[in-house]
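This report refers to the structure that appears directly beneath it.
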Protein chains: 6
Amino acid sequence: MTGLPRMMIEPLVRAALREDLGQAGDITTEAVVPPEAFAEAALVARQPGVIAGLDLAKLSFELIDPAIETGIERPDGSGVEAGETIATVRGLARGILMAERTALNFLCHLSGIATATAAMVKAAAGHKARIVSTRKTLPGLRGLEKYAVRMGGGANHRFGLYDAVLIKDNHIAIAGSVAEALRRARENNGHMVKIEVEVESLAQLKEALAFGADAILLDNMDPNGLAEAVALVGGRALTEASGGVRLDNVAAIAATGVDLISVGRLTHSAPALDIGLDFRTG
Amino acid sequence: MTGLPRMMIEPLVRAALREDLGQAGDITTEAVVPPEAFAEAALVARQPGVIAGLDLAKLSFELIDPAIETGIERPDGSGVEAGETIATVRGLARGILMAERTALNFLCHLSGIATATAAMVKAAAGHKARIVSTRKTLPGLRGLEKYAVRMGGGANHRFGLYDAVLIKDNHIAIAGSVAEALRRARENNGHMVKIEVEVESLAQLKEALAFGADAILLDNMDPNGLAEAVALVGGRALTEASGGVRLDNVAAIAATGVDLISVGRLTHSAPALDIGLDFRTG
Amino acid sequence: MTGLPRMMIEPLVRAALREDLGQAGDITTEAVVPPEAFAEAALVARQPGVIAGLDLAKLSFELIDPAIETGIERPDGSGVEAGETIATVRGLARGILMAERTALNFLCHLSGIATATAAMVKAAAGHKARIVSTRKTLPGLRGLEKYAVRMGGGANHRFGLYDAVLIKDNHIAIAGSVAEALRRARENNGHMVKIEVEVESLAQLKEALAFGADAILLDNMDPNGLAEAVALVGGRALTEASGGVRLDNVAAIAATGVDLISVGRLTHSAPALDIGLDFRTG
Amino acid sequence: MTGLPRMMIEPLVRAALREDLGQAGDITTEAVVPPEAFAEAALVARQPGVIAGLDLAKLSFELIDPAIETGIERPDGSGVEAGETIATVRGLARGILMAERTALNFLCHLSGIATATAAMVKAAAGHKARIVSTRKTLPGLRGLEKYAVRMGGGANHRFGLYDAVLIKDNHIAIAGSVAEALRRARENNGHMVKIEVEVESLAQLKEALAFGADAILLDNMDPNGLAEAVALVGGRALTEASGGVRLDNVAAIAATGVDLISVGRLTHSAPALDIGLDFRTG
Amino acid sequence: MTGLPRMMIEPLVRAALREDLGQAGDITTEAVVPPEAFAEAALVARQPGVIAGLDLAKLSFELIDPAIETGIERPDGSGVEAGETIATVRGLARGILMAERTALNFLCHLSGIATATAAMVKAAAGHKARIVSTRKTLPGLRGLEKYAVRMGGGANHRFGLYDAVLIKDNHIAIAGSVAEALRRARENNGHMVKIEVEVESLAQLKEALAFGADAILLDNMDPNGLAEAVALVGGRALTEASGGVRLDNVAAIAATGVDLISVGRLTHSAPALDIGLDFRTG
Amino acid sequence: MTGLPRMMIEPLVRAALREDLGQAGDITTEAVVPPEAFAEAALVARQPGVIAGLDLAKLSFELIDPAIETGIERPDGSGVEAGETIATVRGLARGILMAERTALNFLCHLSGIATATAAMVKAAAGHKARIVSTRKTLPGLRGLEKYAVRMGGGANHRFGLYDAVLIKDNHIAIAGSVAEALRRARENNGHMVKIEVEVESLAQLKEALAFGADAILLDNMDPNGLAEAVALVGGRALTEASGGVRLDNVAAIAATGVDLISVGRLTHSAPALDIGLDFRTG
């Protein structure tokens, strides 16, 4: 999905606003700001990055006051420089102040992920490898975080345990062999399900190819090992590198010819992008 | 609260499990792992840090299979070294594999926050200043994140817009003056509500003190400015420093004598602590 | 908060409508009233009082039929006489009849609380004491009830266990002393949290003042005792009287100079204000 | 239903506890009371009345700490005197203190309704008339309140708009006549639905009987009018008196021979029964 | 209810859309269809039948994209022939494709029930018996399914266990006799509740009549037995036939003079009506 | 998934019980059956079929009364004959009667689907084709219905729009060609996503194969056309037949060599399997 339909994000924004407002609401604004005060403000980047999450910021304001107008100047996926205006907000000051933090919490987190992804994509440029995210996401925010990865130029791996098979070392240990695990996975799943298997040796890799894996996960291998594995696969399956991927080694990993590089830290450790709300009038 | 009552965390854990399981469930494990397979595993730190979130990890396993036993060896708030076992898990392998990622996603995120907080607390040690978190949290996770800050030795600021008054620059601009904003805030709020006001000059600071602020927020001031302000306040209100606090400058900020140092990045940008689940038997 | 944002009241109104409509809906109106029948009606006070809850009444009609127009003539906080029109309602008769009881149940309950509060405030007039509500509210309705207290001229105490510390006799008994309880409360709570302590003797009162309580709860004391305590406090903390406050003794209590008088019965025992919906056309 | 199955009350108790605990929980108890402190306490009536709601009180404690034991001494429906112990509570002090107010809020409200109902039933004793509650209930609490009416010896009218037909003056005005309204109601509803009609004159009453009403609502009639109507009905339908029923006139109303007396104030205006939690050990 | 207010159906439609969209959304349409592509389409019957559920289909489209216009040509309750257009849909193609299956799943299921009901009603025509549905419905869909029965010309029995008494064989066995069961049912229920009792012999039938049953359930009787029972009742109560009712025997059952014929298969086994969405432009 | 974890089914069972109990509960059983009455009962098949849904039936009883014991004699996936006992139920009679209909509604619906699937699987036996279900499911019940298909020996196609790409005729029309639609689908989706395309001609089929479709949907083709298409594909992609599949033609379709036969009527039109609850003691 390239957009975020309102139906899918509205429950999250409502929950976040309730978390901030509690039962008493914004006791500062209600006390200090008169109901008729009008304000214009701008969402401004304090550092360079890639934007994601404007629909959530916009909806934060709208759910508090449907009359607040949000004008988007740098849509999701755009790169911004420090000081650039991302969007403008106009309406009654009370509503803007009440929704401000919730809007920013969504926008800064998701833009942080998009920015980290874009940096990784750029570092790996020139090779065919796609940067993909994992299931190492923050509870309740997975759909949003995977969207932010796409806005940064990355792609998605599984959304959950339910949409593809990934056979890991522990599954293989229990099943007894790569071959047996693959056989069970294929027999017990529908035809639209792809199967990936994690291998730890060339022997396992050969077994995986022989028994029809759609993709091979090469975890924690160094570039030499990856290159050897990629050569052995020879295009018969997709190859995915994972483990310890950083900005300073992603180019070397990509150069091995792997199809995919998965990076958990894009979603579990990307720092927020610093964005603020500047009032132009009060 | 030093603990997290099950009633408060259960909805979050259920939502996280549903996010990962979807409607089809763990299609890898169901296909590959026989129902009777038993496993023992350990949650092991891959890097040093401070632990937070074990109740959530434990509940992740229990909600999938109440018969899974989790033995906690390093409770929340403990420091751990790389390689140390934090907890053990015993039970049917299917349940352990189905809940693994959800358990880790909670534990790694919250331990990351506790670890970042502990580092900041340590860096500011020797001064009276407390390290406090802000409302810059990830949507839906605020209560947990503020708990993690406490496990790391930090303290909490407001939980939301509802539990204390914080008059910021935009409020003051609309009200016309610090004095008027304070007057309105006091008149319109209950007696159990504390009032903090952000000041940008010594004149505003004097006005805040004269009109009875309980606390003074000193945003983006350098240590000299902070020290001057602290001296001027002279204990008549609490003083809080915020803005641009980092590990390398927090000691200098603390040395100014401020009572509180608030750090947004503890909750919005702390990287996950690397913790894994190692199977001992399959 | 002086208003009730739609986002905060909508879940309550939806739940109340579902409670009344069940799965089959309004089987009387659906059977008897043709879809095109139009009606005008008025919400009319049957007895004098103070109004609170019009946003909830209005939303009750709107959620059933967005085309129903509600015109508010006496907004929340207004005093009304018996026979006065509070608001008018115009639209298709079916929707008005379906939402009527839900709208009135909110409006009569909250106006009852506002009316009881206003009477208490009037009885205590001429003194500085504010009339405040407690946590003795009806389950699920606390935020609304505390809003109604404000509409009647009262103020709020804690909204819940989470937003301020109130150390009661049982806490003191467990902690061992007022001093120790205060010490623990301050050490384990953030700087924006106020601390009130209930005292049962002058010795405890002195201890509370010595150890920095922000407010003193004087429970079930007679006016003489209250006056003595107020004198002893001498403005160093807020003083709150509670227990057995009635319309016929609240003036005497206020005359003792206490800052606050808390009254549980405002929220748990205020009788509904009698308001009816009169159809002008059928 | 004479009992309240846990499945039906659990969502209400959970919501009430969350309302009181917020995200930060009981910040007084967590700070002041050590985790291992044990307590025994008793729910004690401070005034005479009839008990209702013990299952909700018990569940309030259990949801916070399943190990808390509640021993019921005076079950729902019992009369109690001032000073009598209704139930005992034993367990860790933290949990008891955290759940105390929620437990009491349910118990005092519902016991207040049961007590008011029992007084009305007693005042009308010696006649066949049953005291019944109406749809004038507090939003979200209808099922509980109607249960409390039964515990006080009353009976229930409709639970909502969905379970029986009640044709009121406005319905008749729109339909054109009592006869037409009755015809439409019968034609458009299932065979298990009873139909009651409000009449304002003897002519309407005769029409209602002629067209097969199951019950006749006699609103705001004086005892003479009621007696005349009851005689005219002659057992061909149930008769219900409503409007302005008080303790001091209910006997006269019952003496007219009506089958039912409906009283809105039982549910919308009954004052809470004063019940407290006394700690025996700390 | 002859209509389905949006407030009552919106939660069901939202849940159904979420079930189909998951976290990733419509990955086919998002990838393949450009955001600006516009489409017109028609909901077309592929076989003859009776329509029910258009409000749900319409809302499915609207919740995805409020700008999609749905023009209803054959409203709920209409008979249609194969090839007839039921409604038209115009708007952005993405939204139409995303909501298509959810809209059809509601519409085909409910129209299937309406169609099956209409066939049964037609087969029983010429007699007074009404065709009624039971509580044998699909979990979560009862309100909708009972609405569909009405659209097909049938009527409703109980909506749930809560809105009428139906004493079955097991209740009688436990109570000891029909008389005792009836006595308990009347004593413990409100005056607006009707009581039906299932009888298995003429002796039980006489007992039921003697003790005031409002309706008699005659389960699994052949037409001769039914006719005998109807004669014996002689209009003193309603009579209901149930069990094994099919299109080929319903006329014979109706001819016995019973008032009601209840048919579980209308709601638990009616096949979907085949309706498709034909795109006119892409 | 071969099982249904309690966490995933509990919300559905709770909702179904609430739908049946409303606010007043089971007013027949509460009135007629004494609290201490004990009962034993058996779930008995009234016609031959395949069982699915016992976990839901069991949980229906447990949520009403955890002390009710359900002993499963014929687990999900078993074939049963008319008269066979599927499970036994022992406990207090009230709970068994209150949960009976909800338990049966789940069990009869899902067993009906399993039975219909098993019949289709048997009719297609001797060929490699798997019988698969579609997204034509009843709103809210998709996960359960797809589980029932598996219990009947079938397999699953997509669970929703989110877990695989299926390019249909309308997508192709908008994209301009099969090739362009496939290119967009691959470019915009993750590597673990399979892509199926519906073709309407041999030319489209060749295009789909040339551009890398994982599966080919052959809609509404006769057996000759299917056989020709299968031959042309030659194992380069999976082939799926759909449209108008019935018990009397599924063998002919399977004989064409297609890999998959998808059947919407398994989930949207399978009649309930007739199962009853027979009380052995009252």
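To be explicit about the labels: the chains of the structure tokens are called A, B, and onward in the order shown, and within each one the residues are counted from 1, while ligands get numbers from 1 in the order they are shown.
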
Next item on the list: Give me the residues within 8 Å of region 268-274 of chain A as an MDAnalysis selection string, counting only C-alpha atoms and dropping any in the same chain fewer than 2 places off.
Entry: (chainID A and resid 45:47 49 108:113 115:116 136:138 264:266 276) or (chainID B and resid 109 265 268:272)

Item checked: Within 10 Å of chain F: residues of chain B, using only C-alpha atoms, as a VMD selection string -> chain B and resid 14 17 to 18 21 to 31 35 63 to 65 95

Margin query: as a list in words, please: the residues near region 180-196 of chain B (cut-off 6 Å, only C-alpha atoms, same-chain neighbours under 5 positions excluded).
Written below: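 That gives Ala31 and Val32 of chain A; Ala164, Val165, Leu166, Ile172, Ala175, Ala213, Asp214, Ala215 and Ile216 of chain B; Ala155, Asn156, His157, Met192 and Lys194 of chain C.
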
Can you write out the residues you just picked, keeping N, CA, C and O atoms, as a PDB file, in the first residue's frame?
```pdb
ATOM      1  N   ALA A  31      -7.311  26.134  30.278  1.00  0.00           N
ATOM      2  CA  ALA A  31      -7.290  27.205  31.280  1.00  0.00           C
ATOM      3  C   ALA A  31      -6.760  28.509  30.713  1.00  0.00           C
ATOM      4  O   ALA A  31      -7.227  29.596  31.073  1.00  0.00           O
ATOM      5  N   VAL A  32      -5.786  28.422  29.820  1.00  0.00           N
ATOM      6  CA  VAL A  32      -5.009  29.605  29.445  1.00  0.00           C
ATOM      7  C   VAL A  32      -5.446  30.208  28.104  1.00  0.00           C
ATOM      8  O   VAL A  32      -5.382  31.415  27.912  1.00  0.00           O
TER       9      VAL A  32
ATOM     10  N   ALA B 164      -0.928  17.704  34.881  1.00  0.00           N
ATOM     11  CA  ALA B 164      -0.210  18.865  35.415  1.00  0.00           C
ATOM     12  C   ALA B 164      -0.263  19.955  34.354  1.00  0.00           C
ATOM     13  O   ALA B 164      -0.508  19.672  33.177  1.00  0.00           O
ATOM     14  N   VAL B 165      -0.029  21.185  34.794  1.00  0.00           N
ATOM     15  CA  VAL B 165      -0.031  22.303  33.848  1.00  0.00           C
ATOM     16  C   VAL B 165       1.407  22.617  33.452  1.00  0.00           C
ATOM     17  O   VAL B 165       2.289  22.704  34.304  1.00  0.00           O
ATOM     18  N   LEU B 166       1.626  22.725  32.152  1.00  0.00           N
ATOM     19  CA  LEU B 166       2.919  23.194  31.660  1.00  0.00           C
ATOM     20  C   LEU B 166       2.644  24.296  30.637  1.00  0.00           C
ATOM     21  O   LEU B 166       2.185  24.036  29.516  1.00  0.00           O
ATOM     22  N   ILE B 172       1.887  31.448  26.522  1.00  0.00           N
ATOM     23  CA  ILE B 172       2.182  32.782  27.043  1.00  0.00           C
ATOM     24  C   ILE B 172       1.865  33.850  25.993  1.00  0.00           C
ATOM     25  O   ILE B 172       1.257  34.882  26.296  1.00  0.00           O
ATOM     26  N   ALA B 175      -1.855  34.275  25.964  1.00  0.00           N
ATOM     27  CA  ALA B 175      -2.377  34.882  27.197  1.00  0.00           C
ATOM     28  C   ALA B 175      -1.920  36.334  27.347  1.00  0.00           C
ATOM     29  O   ALA B 175      -2.574  37.133  28.017  1.00  0.00           O
ATOM     30  N   ALA B 213       4.597  30.197  40.252  1.00  0.00           N
ATOM     31  CA  ALA B 213       4.836  28.942  39.538  1.00  0.00           C
ATOM     32  C   ALA B 213       5.475  27.930  40.483  1.00  0.00           C
ATOM     33  O   ALA B 213       6.308  28.269  41.317  1.00  0.00           O
ATOM     34  N   ASP B 214       5.058  26.671  40.344  1.00  0.00           N
ATOM     35  CA  ASP B 214       5.664  25.614  41.148  1.00  0.00           C
ATOM     36  C   ASP B 214       6.994  25.165  40.558  1.00  0.00           C
ATOM     37  O   ASP B 214       7.856  24.665  41.272  1.00  0.00           O
ATOM     38  N   ALA B 215       7.122  25.309  39.256  1.00  0.00           N
ATOM     39  CA  ALA B 215       8.344  24.861  38.592  1.00  0.00           C
ATOM     40  C   ALA B 215       8.595  25.744  37.381  1.00  0.00           C
ATOM     41  O   ALA B 215       7.671  26.320  36.813  1.00  0.00           O
ATOM     42  N   ILE B 216       9.874  25.845  37.024  1.00  0.00           N
ATOM     43  CA  ILE B 216      10.306  26.702  35.921  1.00  0.00           C
ATOM     44  C   ILE B 216      11.022  25.841  34.892  1.00  0.00           C
ATOM     45  O   ILE B 216      11.965  25.127  35.230  1.00  0.00           O
TER      46      ILE B 216
ATOM     47  N   ALA C 155     -15.018  22.807  41.734  1.00  0.00           N
ATOM     48  CA  ALA C 155     -13.708  22.512  41.172  1.00  0.00           C
ATOM     49  C   ALA C 155     -13.436  21.027  41.358  1.00  0.00           C
ATOM     50  O   ALA C 155     -14.212  20.310  41.984  1.00  0.00           O
ATOM     51  N   ASN C 156     -12.334  20.571  40.793  1.00  0.00           N
ATOM     52  CA  ASN C 156     -12.027  19.152  40.856  1.00  0.00           C
ATOM     53  C   ASN C 156     -10.862  18.858  41.782  1.00  0.00           C
ATOM     54  O   ASN C 156      -9.898  19.608  41.847  1.00  0.00           O
ATOM     55  N   HIS C 157     -10.972  17.756  42.445  1.00  0.00           N
ATOM     56  CA  HIS C 157      -9.872  17.168  43.196  1.00  0.00           C
ATOM     57  C   HIS C 157      -9.199  16.195  42.227  1.00  0.00           C
ATOM     58  O   HIS C 157      -9.250  16.393  41.019  1.00  0.00           O
ATOM     59  N   MET C 192       6.095  16.926  39.397  1.00  0.00           N
ATOM     60  CA  MET C 192       4.857  17.654  39.103  1.00  0.00           C
ATOM     61  C   MET C 192       3.670  17.108  39.896  1.00  0.00           C
ATOM     62  O   MET C 192       2.528  17.468  39.632  1.00  0.00           O
ATOM     63  N   LYS C 194       1.518  16.709  43.255  1.00  0.00           N
ATOM     64  CA  LYS C 194       1.279  17.278  44.572  1.00  0.00           C
ATOM     65  C   LYS C 194       0.937  16.185  45.570  1.00  0.00           C
ATOM     66  O   LYS C 194       0.400  15.139  45.201  1.00  0.00           O
TER      67      LYS C 194
END
```

Next item on the list: Quick one: pick out all strand (DSSP E or B) residues within region 156-272 of chain F from a backbone DSSP run and write them as an MDAnalysis selection string.
Entry: chainID F and resid 156 165:167 193 195:199 215:219 238:242 260:262

Checklist line | Neighbour list for Arg90 (chain C) as a ChimeraX atom specification, cut-off 7 Å, only C-alpha atoms, skip fewer than 4 positions in-chain | finding: /C:39-41,68-70

Check: Given identical sequences, what C-alpha RMSD separates chain C from chain F after least-squares superposition over all Cα in order?
Finding: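 The root-mean-square deviation of C-alpha positions is 0.0 Å.
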
Can you pull out every residue within 9 Å of Ala103 (chain D), counting only C-alpha atoms, but drop anything in the same chain fewer than 6 positions away, and send it as a PDB file with all heavy atoms, in the first residue's frame?
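Final output, out.pdb:
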```pdb
ATOM      1  N   VAL D  13     -16.183  -3.719  35.129  1.00  0.00           N
ATOM      2  CA  VAL D  13     -15.229  -3.568  36.231  1.00  0.00           C
ATOM      3  C   VAL D  13     -13.856  -3.185  35.688  1.00  0.00           C
ATOM      4  O   VAL D  13     -13.175  -2.319  36.242  1.00  0.00           O
ATOM      5  CB  VAL D  13     -15.170  -4.860  37.077  1.00  0.00           C
ATOM      6  CG1 VAL D  13     -14.149  -4.712  38.197  1.00  0.00           C
ATOM      7  CG2 VAL D  13     -16.550  -5.186  37.643  1.00  0.00           C
ATOM      8  N   LEU D  17     -11.864   0.236  36.738  1.00  0.00           N
ATOM      9  CA  LEU D  17     -10.511   0.223  37.303  1.00  0.00           C
ATOM     10  C   LEU D  17      -9.570   1.067  36.437  1.00  0.00           C
ATOM     11  O   LEU D  17      -8.753   1.831  36.966  1.00  0.00           O
ATOM     12  CB  LEU D  17      -9.986  -1.221  37.401  1.00  0.00           C
ATOM     13  CG  LEU D  17     -10.625  -2.077  38.503  1.00  0.00           C
ATOM     14  CD1 LEU D  17     -10.252  -3.549  38.330  1.00  0.00           C
ATOM     15  CD2 LEU D  17     -10.191  -1.591  39.889  1.00  0.00           C
ATOM     16  N   GLY D  53     -24.570  -5.702  44.543  1.00  0.00           N
ATOM     17  CA  GLY D  53     -23.325  -5.386  43.839  1.00  0.00           C
ATOM     18  C   GLY D  53     -22.084  -6.043  44.390  1.00  0.00           C
ATOM     19  O   GLY D  53     -20.970  -5.676  43.994  1.00  0.00           O
ATOM     20  N   LEU D  54     -22.243  -7.042  45.256  1.00  0.00           N
ATOM     21  CA  LEU D  54     -21.045  -7.651  45.846  1.00  0.00           C
ATOM     22  C   LEU D  54     -20.177  -8.361  44.808  1.00  0.00           C
ATOM     23  O   LEU D  54     -18.950  -8.380  44.939  1.00  0.00           O
ATOM     24  CB  LEU D  54     -21.444  -8.620  46.970  1.00  0.00           C
ATOM     25  CG  LEU D  54     -21.726  -7.904  48.295  1.00  0.00           C
ATOM     26  CD1 LEU D  54     -22.386  -8.853  49.289  1.00  0.00           C
ATOM     27  CD2 LEU D  54     -20.424  -7.354  48.877  1.00  0.00           C
ATOM     28  N   LEU D  56     -19.531  -7.350  41.914  1.00  0.00           N
ATOM     29  CA  LEU D  56     -18.692  -6.322  41.278  1.00  0.00           C
ATOM     30  C   LEU D  56     -17.577  -5.877  42.205  1.00  0.00           C
ATOM     31  O   LEU D  56     -16.444  -5.631  41.776  1.00  0.00           O
ATOM     32  CB  LEU D  56     -19.571  -5.139  40.865  1.00  0.00           C
ATOM     33  CG  LEU D  56     -20.581  -5.510  39.776  1.00  0.00           C
ATOM     34  CD1 LEU D  56     -21.955  -4.994  40.106  1.00  0.00           C
ATOM     35  CD2 LEU D  56     -20.122  -5.026  38.424  1.00  0.00           C
ATOM     36  N   ALA D  57     -17.899  -5.740  43.488  1.00  0.00           N
ATOM     37  CA  ALA D  57     -16.863  -5.378  44.454  1.00  0.00           C
ATOM     38  C   ALA D  57     -15.791  -6.459  44.512  1.00  0.00           C
ATOM     39  O   ALA D  57     -14.585  -6.183  44.454  1.00  0.00           O
ATOM     40  CB  ALA D  57     -17.497  -5.165  45.831  1.00  0.00           C
ATOM     41  N   LYS D  58     -16.234  -7.700  44.606  1.00  0.00           N
ATOM     42  CA  LYS D  58     -15.307  -8.843  44.673  1.00  0.00           C
ATOM     43  C   LYS D  58     -14.420  -8.881  43.426  1.00  0.00           C
ATOM     44  O   LYS D  58     -13.207  -9.051  43.519  1.00  0.00           O
ATOM     45  CB  LYS D  58     -16.154 -10.112  44.765  1.00  0.00           C
ATOM     46  CG  LYS D  58     -15.428 -11.399  45.012  1.00  0.00           C
ATOM     47  CD  LYS D  58     -16.471 -12.489  45.329  1.00  0.00           C
ATOM     48  CE  LYS D  58     -15.815 -13.803  45.752  1.00  0.00           C
ATOM     49  NZ  LYS D  58     -15.079 -14.447  44.684  1.00  0.00           N
ATOM     50  N   LEU D  59     -15.010  -8.694  42.281  1.00  0.00           N
ATOM     51  CA  LEU D  59     -14.235  -8.756  41.042  1.00  0.00           C
ATOM     52  C   LEU D  59     -13.261  -7.585  40.935  1.00  0.00           C
ATOM     53  O   LEU D  59     -12.183  -7.715  40.349  1.00  0.00           O
ATOM     54  CB  LEU D  59     -15.183  -8.786  39.835  1.00  0.00           C
ATOM     55  CG  LEU D  59     -14.548  -9.059  38.476  1.00  0.00           C
ATOM     56  CD1 LEU D  59     -13.727 -10.344  38.475  1.00  0.00           C
ATOM     57  CD2 LEU D  59     -15.618  -9.126  37.401  1.00  0.00           C
ATOM     58  N   SER D  60     -13.612  -6.441  41.507  1.00  0.00           N
ATOM     59  CA  SER D  60     -12.687  -5.304  41.510  1.00  0.00           C
ATOM     60  C   SER D  60     -11.385  -5.691  42.197  1.00  0.00           C
ATOM     61  O   SER D  60     -10.287  -5.401  41.702  1.00  0.00           O
ATOM     62  CB  SER D  60     -13.313  -4.099  42.235  1.00  0.00           C
ATOM     63  OG  SER D  60     -14.528  -3.707  41.627  1.00  0.00           O
ATOM     64  N   PHE D  61     -11.497  -6.337  43.337  1.00  0.00           N
ATOM     65  CA  PHE D  61     -10.277  -6.769  44.038  1.00  0.00           C
ATOM     66  C   PHE D  61      -9.546  -7.851  43.241  1.00  0.00           C
ATOM     67  O   PHE D  61      -8.321  -7.795  43.070  1.00  0.00           O
ATOM     68  CB  PHE D  61     -10.626  -7.285  45.437  1.00  0.00           C
ATOM     69  CG  PHE D  61     -11.120  -6.214  46.368  1.00  0.00           C
ATOM     70  CD1 PHE D  61     -12.439  -6.166  46.800  1.00  0.00           C
ATOM     71  CD2 PHE D  61     -10.252  -5.213  46.820  1.00  0.00           C
ATOM     72  CE1 PHE D  61     -12.894  -5.167  47.648  1.00  0.00           C
ATOM     73  CE2 PHE D  61     -10.696  -4.207  47.671  1.00  0.00           C
ATOM     74  CZ  PHE D  61     -12.026  -4.184  48.083  1.00  0.00           C
TER      75      PHE D  61
END
```

Margin query: I'd like the neighbourhood of Thr117 (chain F) as a PyMOL selection string, where a residue qualifies if any of its atoms comes within 8 Å (using only C-alpha atoms), though same-chain residues fewer than 3 positions away should be ignored.
Written below: chain F and resi 113-114+120-121+131+149+152-154+266

Pull N, CA and C atoms from the residues just selected and write them as a PDB file, in the first residue's frame.
```
ATOM      1  N   ILE F 113     -19.322 -26.559   6.941  1.00  0.00           N
ATOM      2  CA  ILE F 113     -18.270 -26.228   5.972  1.00  0.00           C
ATOM      3  C   ILE F 113     -17.294 -27.390   5.807  1.00  0.00           C
ATOM      4  N   ALA F 114     -16.913 -27.994   6.928  1.00  0.00           N
ATOM      5  CA  ALA F 114     -15.980 -29.129   6.848  1.00  0.00           C
ATOM      6  C   ALA F 114     -16.609 -30.276   6.071  1.00  0.00           C
ATOM      7  N   MET F 120     -16.443 -32.491  -1.414  1.00  0.00           N
ATOM      8  CA  MET F 120     -15.805 -32.012  -2.638  1.00  0.00           C
ATOM      9  C   MET F 120     -14.433 -32.673  -2.812  1.00  0.00           C
ATOM     10  N   VAL F 121     -13.684 -32.794  -1.736  1.00  0.00           N
ATOM     11  CA  VAL F 121     -12.371 -33.450  -1.792  1.00  0.00           C
ATOM     12  C   VAL F 121     -12.533 -34.887  -2.254  1.00  0.00           C
ATOM     13  N   ILE F 131      -8.531 -28.817  -3.207  1.00  0.00           N
ATOM     14  CA  ILE F 131      -9.730 -27.994  -3.110  1.00  0.00           C
ATOM     15  C   ILE F 131      -9.405 -26.825  -2.185  1.00  0.00           C
ATOM     16  N   VAL F 149     -12.449 -25.389   6.531  1.00  0.00           N
ATOM     17  CA  VAL F 149     -12.086 -25.957   5.230  1.00  0.00           C
ATOM     18  C   VAL F 149     -10.913 -26.922   5.388  1.00  0.00           C
ATOM     19  N   GLY F 152     -11.886 -30.183   6.745  1.00  0.00           N
ATOM     20  CA  GLY F 152     -12.573 -31.025   5.772  1.00  0.00           C
ATOM     21  C   GLY F 152     -11.627 -31.567   4.692  1.00  0.00           C
ATOM     22  N   GLY F 153     -10.343 -31.238   4.826  1.00  0.00           N
ATOM     23  CA  GLY F 153      -9.371 -31.758   3.858  1.00  0.00           C
ATOM     24  C   GLY F 153      -9.018 -30.784   2.750  1.00  0.00           C
ATOM     25  N   GLY F 154      -9.568 -29.598   2.807  1.00  0.00           N
ATOM     26  CA  GLY F 154      -9.246 -28.598   1.797  1.00  0.00           C
ATOM     27  C   GLY F 154      -8.033 -27.777   2.208  1.00  0.00           C
ATOM     28  N   LEU F 266     -18.135 -23.315  -0.579  1.00  0.00           N
ATOM     29  CA  LEU F 266     -17.747 -24.002   0.659  1.00  0.00           C
ATOM     30  C   LEU F 266     -17.933 -23.090   1.873  1.00  0.00           C
TER      31      LEU F 266
END
```

Item checked: Between CA of Ile261 (chain C) and CA of Asp278 (chain D) - distance in Å to one decimal -> 23.1 Å

Item checked: Interatomic distance (Å, one decimal) between CA of Ala227 (chain F) and CA of Gly257 (chain F) -> 6.7 Å
